[in-house]
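K.L.:
Input structure: run-v7.tsv, which contains TSV, C-alpha atoms (C1' of nucleotides).
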```
chain	number	residue	atom	x	y	z
V	21	MET	CA	0.00	0.00	0.00
V	22	THR	CA	2.23	2.76	1.36
V	23	ALA	CA	5.46	2.73	-0.61
V	24	SER	CA	8.90	3.64	0.68
V	25	PRO	CA	10.23	7.16	0.22
V	26	ASP	CA	12.85	5.63	-2.05
V	27	LEU	CA	10.28	4.30	-4.52
V	28	LEU	CA	8.41	7.60	-4.44
V	29	PHE	CA	11.44	9.80	-5.01
V	30	ARG	CA	12.69	7.57	-7.80
V	31	ALA	CA	9.27	7.46	-9.45
V	32	LEU	CA	8.88	11.23	-9.32
V	33	ALA	CA	12.45	12.00	-10.35
V	34	ASP	CA	11.58	11.67	-14.03
V	35	PRO	CA	9.93	14.82	-15.44
V	36	THR	CA	7.77	12.90	-17.89
V	37	ARG	CA	6.49	10.69	-15.10
V	38	ARG	CA	5.85	13.69	-12.89
V	39	GLY	CA	3.97	15.28	-15.77
V	40	LEU	CA	1.73	12.26	-16.13
V	41	PHE	CA	1.04	12.22	-12.42
V	42	GLU	CA	0.28	15.94	-12.41
V	43	ARG	CA	-2.19	15.53	-15.27
V	44	LEU	CA	-3.94	12.75	-13.37
V	45	CYS	CA	-4.00	14.87	-10.21
V	46	LEU	CA	-5.37	17.97	-11.92
V	47	ASP	CA	-7.60	16.55	-14.65
V	48	GLY	CA	-8.65	13.29	-12.99
V	49	GLU	CA	-8.87	9.77	-14.36
V	50	GLN	CA	-7.70	9.23	-17.94
V	51	THR	CA	-7.05	6.46	-20.42
V	52	VAL	CA	-3.63	5.57	-21.73
V	53	ALA	CA	-4.51	7.00	-25.14
V	54	ALA	CA	-5.52	10.32	-23.57
V	55	LEU	CA	-2.31	10.44	-21.54
V	56	THR	CA	-0.23	9.55	-24.59
V	57	SER	CA	-1.62	12.49	-26.55
V	58	GLY	CA	0.45	15.40	-25.41
V	59	ALA	CA	3.06	13.38	-23.61
V	60	GLY	CA	5.48	13.72	-26.53
V	61	ILE	CA	6.52	10.08	-26.36
V	62	SER	CA	5.25	6.79	-27.71
V	63	GLN	CA	2.39	4.81	-26.17
V	64	PRO	CA	4.65	1.98	-24.93
V	65	ALA	CA	6.82	4.55	-23.18
V	66	VAL	CA	3.75	5.99	-21.47
V	67	SER	CA	2.62	2.52	-20.43
V	68	LYS	CA	6.01	1.84	-18.91
V	69	HIS	CA	5.96	5.10	-16.97
V	70	LEU	CA	2.48	4.33	-15.71
V	71	GLY	CA	3.76	0.94	-14.58
V	72	VAL	CA	6.47	2.63	-12.52
V	73	LEU	CA	3.95	5.04	-11.00
V	74	ARG	CA	1.64	2.14	-10.22
V	75	GLN	CA	4.40	0.18	-8.49
V	76	ALA	CA	5.12	3.25	-6.39
V	77	GLY	CA	1.45	3.35	-5.43
V	78	LEU	CA	0.98	6.76	-7.02
V	79	VAL	CA	-1.68	5.68	-9.50
V	80	LEU	CA	-4.46	3.13	-9.71
V	81	ASP	CA	-5.52	1.35	-12.87
V	82	ARG	CA	-9.08	0.37	-13.70
V	83	HIS	CA	-9.74	-1.92	-16.64
V	84	GLU	CA	-12.88	-1.29	-18.65
V	85	GLY	CA	-13.23	-3.18	-21.87
V	86	ARG	CA	-10.08	-2.80	-23.88
V	87	GLN	CA	-8.99	0.43	-22.28
V	88	THR	CA	-7.26	1.08	-18.98
V	89	HIS	CA	-8.16	4.11	-16.92
V	90	TYR	CA	-5.50	5.51	-14.63
V	91	SER	CA	-6.14	7.77	-11.66
V	92	ALA	CA	-3.90	9.55	-9.16
V	93	GLN	CA	-3.61	8.19	-5.67
V	94	GLN	CA	-2.58	11.35	-3.83
V	95	ARG	CA	-2.43	9.64	-0.44
V	96	ALA	CA	0.67	7.87	-1.70
V	97	LEU	CA	2.50	11.18	-1.30
V	98	ALA	CA	2.17	10.91	2.48
V	99	PRO	CA	5.63	9.38	3.07
V	100	LEU	CA	7.10	12.25	1.08
V	101	VAL	CA	5.32	14.82	3.19
V	102	ASP	CA	6.38	12.99	6.34
V	103	TRP	CA	9.99	12.87	5.22
V	104	THR	CA	10.19	16.56	4.39
V	105	GLY	CA	8.46	17.19	7.69
V	106	ARG	CA	11.07	15.24	9.62
V	107	MET	CA	13.87	17.07	7.85
V	108	THR	CA	12.46	20.54	8.43
V	109	ARG	CA	11.01	19.92	11.86
V	110	PHE	CA	14.53	19.34	13.07
V	111	TRP	CA	15.58	22.69	11.77
V	112	GLU	CA	12.69	24.34	13.57
V	113	ALA	CA	13.59	22.48	16.76
V	114	ARG	CA	17.12	23.76	16.57
V	115	PHE	CA	15.79	27.21	15.84
V	116	ASP	CA	13.58	26.99	18.92
V	117	ASP	CA	16.58	25.86	20.95
V	118	LEU	CA	18.47	28.87	19.74
V	119	GLU	CA	15.60	31.14	20.68
V	120	ASP	CA	15.41	29.53	24.12
V	121	LEU	CA	19.12	30.03	24.55
V	122	LEU	CA	18.89	33.67	23.56
V	123	LYS	CA	16.00	34.23	25.96
V	124	ARG	CA	17.94	32.64	28.80
V	125	MET	CA	20.95	34.77	27.94
V	126	ASP	CA	18.77	37.86	28.10
V	127	GLN	CA	17.76	37.23	31.67
S	1	MET	CA	18.71	30.13	-4.99
S	2	THR	CA	15.45	28.28	-5.05
S	3	ALA	CA	15.93	25.31	-7.34
S	4	SER	CA	13.34	23.73	-9.60
S	5	PRO	CA	11.34	20.73	-8.39
S	6	ASP	CA	13.10	18.74	-11.08
S	7	LEU	CA	16.55	19.35	-9.64
S	8	LEU	CA	15.28	18.60	-6.14
S	9	PHE	CA	13.54	15.35	-7.06
S	10	ARG	CA	16.52	14.17	-9.05
S	11	ALA	CA	18.95	15.08	-6.28
S	12	LEU	CA	16.90	13.26	-3.65
S	13	ALA	CA	16.16	10.23	-5.81
S	14	ASP	CA	19.44	8.59	-4.89
S	15	PRO	CA	19.36	6.88	-1.47
S	16	THR	CA	23.00	7.61	-0.71
S	17	ARG	CA	22.47	11.28	-1.43
S	18	ARG	CA	19.31	11.32	0.66
S	19	GLY	CA	21.27	9.67	3.45
S	20	LEU	CA	23.92	12.37	3.34
S	21	PHE	CA	21.29	15.09	3.40
S	22	GLU	CA	19.51	13.41	6.33
S	23	ARG	CA	22.76	13.22	8.29
S	24	LEU	CA	23.34	16.91	7.70
S	25	CYS	CA	19.77	17.70	8.71
S	26	LEU	CA	19.86	15.65	11.89
S	27	ASP	CA	23.46	15.98	13.04
S	28	GLY	CA	24.29	19.40	11.64
S	29	GLU	CA	27.32	20.66	9.75
S	30	GLN	CA	30.02	18.11	8.93
S	31	THR	CA	33.23	17.76	6.99
S	32	VAL	CA	33.63	15.57	3.94
S	33	ALA	CA	35.78	13.14	5.91
S	34	ALA	CA	33.08	12.80	8.57
S	35	LEU	CA	30.42	12.24	5.94
S	36	THR	CA	32.58	9.71	4.14
S	37	SER	CA	32.97	7.61	7.29
S	38	GLY	CA	29.85	5.52	7.37
S	39	ALA	CA	28.68	6.36	3.88
S	40	GLY	CA	29.99	3.07	2.58
S	41	ILE	CA	31.49	4.62	-0.52
S	42	SER	CA	34.75	6.32	-1.44
S	43	GLN	CA	35.54	9.94	-0.66
S	44	PRO	CA	35.37	11.07	-4.31
S	45	ALA	CA	31.92	9.53	-4.59
S	46	VAL	CA	30.81	11.46	-1.52
S	47	SER	CA	32.26	14.67	-2.95
S	48	LYS	CA	30.34	14.15	-6.17
S	49	HIS	CA	27.10	13.54	-4.31
S	50	LEU	CA	27.66	16.65	-2.26
S	51	GLY	CA	28.22	18.56	-5.49
S	52	VAL	CA	24.82	17.42	-6.76
S	53	LEU	CA	23.17	18.38	-3.48
S	54	ARG	CA	24.89	21.75	-3.61
S	55	GLN	CA	23.70	22.42	-7.17
S	56	ALA	CA	20.17	21.60	-6.04
S	57	GLY	CA	20.58	24.16	-3.27
S	58	LEU	CA	20.10	21.52	-0.59
S	59	VAL	CA	23.48	22.04	1.07
S	60	LEU	CA	25.92	24.85	1.65
S	61	ASP	CA	29.68	24.48	1.72
S	62	ARG	CA	32.01	26.44	3.95
S	63	HIS	CA	35.75	26.25	3.38
S	64	GLU	CA	37.94	26.35	6.44
S	65	GLY	CA	41.58	25.61	5.93
S	66	ARG	CA	41.92	22.43	3.98
S	67	GLN	CA	38.57	21.03	4.93
S	68	THR	CA	35.12	21.79	3.62
S	69	HIS	CA	32.16	21.87	5.98
S	70	TYR	CA	28.77	21.05	4.52
S	71	SER	CA	25.45	21.97	6.08
S	72	ALA	CA	21.82	21.29	5.16
S	73	GLN	CA	19.74	24.07	3.69
S	74	GLN	CA	16.28	22.87	4.63
S	75	ARG	CA	14.56	25.86	3.06
S	76	ALA	CA	15.49	24.37	-0.31
S	77	LEU	CA	12.78	21.77	0.30
S	78	ALA	CA	10.10	24.45	-0.06
S	79	PRO	CA	9.39	23.79	-3.76
S	80	LEU	CA	8.86	20.14	-2.87
S	81	VAL	CA	6.39	21.00	-0.16
S	82	ASP	CA	4.65	23.40	-2.52
S	83	TRP	CA	4.43	20.79	-5.24
S	84	THR	CA	2.97	18.09	-3.00
S	85	GLY	CA	0.62	20.74	-1.70
S	86	ARG	CA	-0.60	21.59	-5.19
S	87	MET	CA	-1.13	17.93	-5.98
S	88	THR	CA	-3.03	17.12	-2.79
S	89	ARG	CA	-4.91	20.39	-2.46
S	90	PHE	CA	-6.69	19.52	-5.66
S	91	TRP	CA	-7.79	16.26	-4.15
S	92	GLU	CA	-9.09	18.05	-1.07
S	93	ALA	CA	-10.92	20.57	-3.26
S	94	ARG	CA	-12.62	17.76	-5.11
S	95	PHE	CA	-13.40	16.11	-1.80
S	96	ASP	CA	-14.92	19.34	-0.52
S	97	ASP	CA	-16.97	19.60	-3.71
S	98	LEU	CA	-18.22	16.12	-3.09
S	99	GLU	CA	-19.12	16.98	0.49
S	100	ASP	CA	-20.95	20.10	-0.67
S	101	LEU	CA	-22.80	18.07	-3.23
S	102	LEU	CA	-23.82	15.50	-0.65
S	103	LYS	CA	-25.00	18.22	1.74
S	104	ARG	CA	-27.08	19.82	-0.97
S	105	MET	CA	-28.54	16.44	-1.87
S	106	ASP	CA	-29.47	15.93	1.79
S	107	GLN	CA	-31.62	19.04	1.88
D	26	DC	C1'	-15.64	-14.27	-39.01
D	27	DT	C1'	-12.71	-10.60	-40.04
D	28	DT	C1'	-10.82	-6.27	-39.05
D	29	DA	C1'	-9.70	-2.46	-36.04
D	30	DT	C1'	-8.54	-0.56	-31.63
D	31	DT	C1'	-6.34	-0.31	-27.16
D	32	DC	C1'	-2.92	-1.42	-24.25
D	33	DA	C1'	1.09	-4.17	-22.46
D	34	DT	C1'	5.28	-6.65	-23.18
D	35	DA	C1'	9.66	-7.97	-25.55
D	36	DA	C1'	13.88	-6.82	-27.72
D	37	DC	C1'	17.04	-3.50	-28.52
D	38	DT	C1'	19.79	0.98	-28.25
D	39	DA	C1'	21.73	5.20	-26.55
D	40	DT	C1'	22.57	7.81	-22.73
D	41	DA	C1'	22.72	9.02	-17.85
D	42	DC	C1'	24.48	7.83	-13.60
D	43	DG	C1'	26.94	5.98	-9.64
D	44	DA	C1'	31.08	3.94	-8.44
D	45	DT	C1'	36.10	3.22	-8.66
D	46	DT	C1'	41.15	4.47	-9.03
D	47	DA	C1'	44.50	8.01	-10.07
D	48	DT	C1'	45.97	12.46	-9.46
D	49	DG	C1'	46.43	17.30	-8.40
D	50	DA	C1'	45.80	21.62	-5.54
D	51	DA	C1'	45.66	23.68	-1.22
D	52	DT	C1'	46.64	23.76	3.43
D	53	DA	C1'	48.71	21.91	7.80
D	54	DA	C1'	52.25	19.53	10.28
D	55	DT	C1'	57.17	17.99	11.08
F	4	DA	C1'	61.71	22.30	2.88
F	5	DT	C1'	59.50	18.03	3.10
F	6	DT	C1'	55.77	15.24	4.15
F	7	DA	C1'	51.00	14.40	5.27
F	8	DT	C1'	46.16	15.48	5.04
F	9	DT	C1'	41.86	16.96	2.97
F	10	DC	C1'	39.15	17.54	-0.69
F	11	DA	C1'	37.91	18.01	-5.71
F	12	DT	C1'	38.42	16.68	-10.44
F	13	DA	C1'	39.56	13.56	-14.40
F	14	DA	C1'	39.31	9.24	-16.67
F	15	DT	C1'	37.11	5.03	-16.92
F	16	DC	C1'	33.64	1.31	-16.39
F	17	DG	C1'	29.39	-1.28	-15.60
F	18	DT	C1'	24.64	-0.93	-15.02
F	19	DA	C1'	20.20	1.30	-14.85
F	20	DT	C1'	16.98	3.74	-17.38
F	21	DA	C1'	14.23	6.08	-20.87
F	22	DG	C1'	13.30	5.84	-25.38
F	23	DT	C1'	12.30	3.36	-29.80
F	24	DT	C1'	10.03	-0.35	-33.00
F	25	DA	C1'	7.81	-4.80	-33.31
F	26	DT	C1'	4.42	-7.73	-31.76
F	27	DG	C1'	0.85	-10.05	-29.20
F	28	DA	C1'	-3.51	-10.38	-26.31
F	29	DA	C1'	-7.95	-8.80	-25.40
F	30	DT	C1'	-11.94	-6.52	-26.61
F	31	DA	C1'	-15.02	-3.85	-29.85
F	32	DA	C1'	-16.81	-2.99	-34.36
F	33	DG	C1'	-18.17	-4.24	-39.21
```
Can you turn what I pasted into structure tokens?
P.N.:
Amino acid sequence: MTASPDLLFRALADPTRRGLFERLCLDGEQTVAALTSGAGISQPAVSKHLGVLRQAGLVLDRHEGRQTHYSAQQRALAPLVDWTGRMTRFWEARFDDLEDLLKRMDQ
Amino acid sequence: MTASPDLLFRALADPTRRGLFERLCLDGEQTVAALTSGAGISQPAVSKHLGVLRQAGLVLDRHEGRQTHYSAQQRALAPLVDWTGRMTRFWEARFDDLEDLLKRMDQ
DNA sequence: CTTATTCATAACTATACGATTATGAATAAT
DNA sequence: ATTATTCATAATCGTATAGTTATGAATAAG
């Protein structure tokens, strides 16, 4: 379900892949053909990218007849948000410590 | 100063690089030698990774004598936070729309 | 039944990337 | 002055990856 930060970062590192994910986030569910139009690459390439996004848990696929509909799974970004939170929270903590120190020095 | 999401994602896609950045975030400024010990790779490899992080704006380097001190620049994560925000905010908006719709249907 | 469409997979290729060793430049130590 | 240390850069190599074309499987249409 919830992928590792590593899978997420690697999946989103490619601009084409990020573009596909953004389109799904902003415009909602779409077929492979729709995603291919405007992607600037071949349909197999798009399919492969979607496979990577799917393995990272970032998209869901829904089969309907002979076409596959892909949709964004925004919750999958949670580990990313958590990670950035952990990295920046520490900075804030240190900043707070510094403020505390300065306050104590004032007295 | 503030790098593109592309540079950030690409810089953080590598686990070794992410590890270095995490160490700098959590343990504060460190020399290349310190970062090399425990990285599991050679010193030149560490230097190259630090170069990538520096170009992405994620770290700062401070030269002191013959050693270089690197420190994390957590603010550089802002574009990442913004991006994830844009992607998830849309989901929330749609969710809100759905809630509104359901409320209106209730009446 | 035959043909067309939609997507995924296979096979292949070029390039990007992470690692190594070798080396040099700058500073510190003897 | 000589030697040692610290780091960055250059040259090289193997592998991962993003792209292509070719093809097949499944479903829809004629």
K.L.:
Within 8 Å of (1.8, -0.9, -23.7), all atoms listed in the file: residues as a ChimeraX atom specification?
P.N.:
/V:63-68 /D:32-34
K.L.:
Got time to write the residues from that selection, C-alpha atoms (C1' of nucleotides), as an mmCIF file, keeping the file's coordinate frame?
P.N.:
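Below is the file that was written, result39.cif:
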```cif
data_model
loop_
_atom_site.group_PDB
_atom_site.id
_atom_site.type_symbol
_atom_site.label_atom_id
_atom_site.label_comp_id
_atom_site.auth_asym_id
_atom_site.auth_seq_id
_atom_site.Cartn_x
_atom_site.Cartn_y
_atom_site.Cartn_z
ATOM 1 C CA GLN V 63 2.390 4.810 -26.170
ATOM 2 C CA PRO V 64 4.650 1.980 -24.930
ATOM 3 C CA ALA V 65 6.820 4.550 -23.180
ATOM 4 C CA VAL V 66 3.750 5.990 -21.470
ATOM 5 C CA SER V 67 2.620 2.520 -20.430
ATOM 6 C CA LYS V 68 6.010 1.840 -18.910
ATOM 7 C "C1'" DC D 32 -2.920 -1.420 -24.250
ATOM 8 C "C1'" DA D 33 1.090 -4.170 -22.460
ATOM 9 C "C1'" DT D 34 5.280 -6.650 -23.180
#
```
K.L.:
May I ask which of the residues V:Ala31, V:Leu73, V:Ile61, V:Leu78 is the closest one to chain S, counting all atoms listed in the file?
P.N.:
V:Ala31
K.L.:
Calculate how many Å separate atom CA of S:His69 from atom CA of V:Arg109, rounding to one decimal.
P.N.:
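That distance, rounded to one decimal, is 22.0 Å.
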K.L.:
Go ahead and find all residues with at least one atom no further than 9 Å from (30.2, 26.7, 10.0) in the file's coordinates, using all atoms listed in the file; report them as a ChimeraX atom specification.
P.N.:
/S:29-30,61-64,69-71
K.L.:
What is the atom CA of S:Thr16 to atom CA of V:Leu100 distance in Å?
P.N.:
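According to the coordinates, atom CA of S:Thr16 and atom CA of V:Leu100 are separated by 16.7 Å.
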K.L.:
Any idea what's packed within 12 Å of V:Phe41, counting all atoms listed in the file, ignoring anything in its chain fewer than 5 positions away? Could you give it as a ChimeraX atom specification?
P.N.:
/V:28,31-36,46-50,55,59,66,69-74,76-80,90-94,96-97 /S:83-84,86-88
K.L.:
Looking at S:Thr68, S:Ser4, S:Ser42, S:Thr31, which one is nearest to chain D, with distances taken over only C-alpha atoms (C1' of nucleotides)?
P.N.:
S:Ser42
K.L.:
Enter the distance from atom CA of S:Leu7 to atom C1' of D:DG43, in Å, rounded to one decimal.
P.N.:
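According to the coordinates, atom CA of S:Leu7 and atom C1' of D:DG43 are separated by 16.9 Å.
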K.L.:
Determine the nearest neighbour of chain D from the options V:Ala54, V:Val101, V:Leu40, V:Ala23, counting all atoms listed in the file.
P.N.:
V:Ala54
K.L.:
Restricting the calculation to all atoms listed in the file, which member of D:DT48, D:DT30, D:DT40, D:DT55 is positioned closest to V:Gln87?
P.N.:
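With all atoms listed in the file as the atom set, the closest residue is D:DT30.
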K.L.:
Show me a table, sorted first by chain and then by increasing residue number, of the residues of chain D having an atom at most 7 Å from chain S, each with its shortest atom pair and the distance in Å to one decimal, counting all atoms listed in the file and written as a tab-separated table.
P.N.:
```
residue	atom	partner	partner_atom	distance
D:DA44	C1'	S:Ala45	CA	6.8
D:DA51	C1'	S:Arg66	CA	6.5
D:DT52	C1'	S:Arg66	CA	4.9
```
K.L.:
Using all atoms listed in the file, find each residue in chain F having at least one atom no more than 8 Å away from chain S; report its shortest atom-to-atom pair and that distance in Å (one decimal), rows by chain then rising number, as a Markdown table.
P.N.:
```
| residue | atom | partner | partner_atom | distance |
| --- | --- | --- | --- | --- |
| F:DT9 | C1' | S:Arg66 | CA | 5.6 |
| F:DC10 | C1' | S:Gln67 | CA | 6.6 |
| F:DA11 | C1' | S:Ser47 | CA | 7.1 |
```
K.L.:
Under the rule that all atoms listed in the file are counted, which of V:Gly105, V:Gly60, V:Gln75, V:Thr22 is the nearest residue to chain S?
P.N.:
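Checking each candidate against chain S, we get V:Gly105 as the closest.
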K.L.:
Output as CSV one row per residue of chain D within 12 Å of stretch 15-22 of chain F: the closest atom pair and its distance in Å to one decimal place, counting all atoms listed in the file, sorted by chain and residue number ascending.
P.N.:
```
residue,atom,partner,partner_atom,distance
D:DC37,C1',F:DG22,C1',10.5
D:DT38,C1',F:DG22,C1',8.6
D:DA39,C1',F:DG22,C1',8.5
D:DT40,C1',F:DA21,C1',8.7
D:DA41,C1',F:DT20,C1',7.8
D:DC42,C1',F:DA19,C1',7.9
D:DG43,C1',F:DT18,C1',9.1
D:DA44,C1',F:DC16,C1',8.8
D:DT45,C1',F:DC16,C1',8.3
D:DT46,C1',F:DT15,C1',8.9
D:DA47,C1',F:DT15,C1',10.5
```
K.L.:
In terms of the shortest atom-to-atom distance over all atoms listed in the file, which of S:Arg23, S:Arg10, S:Arg17, S:Arg75 is closest to chain V?
P.N.:
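Distance minimum relative to chain V lands on S:Arg10.
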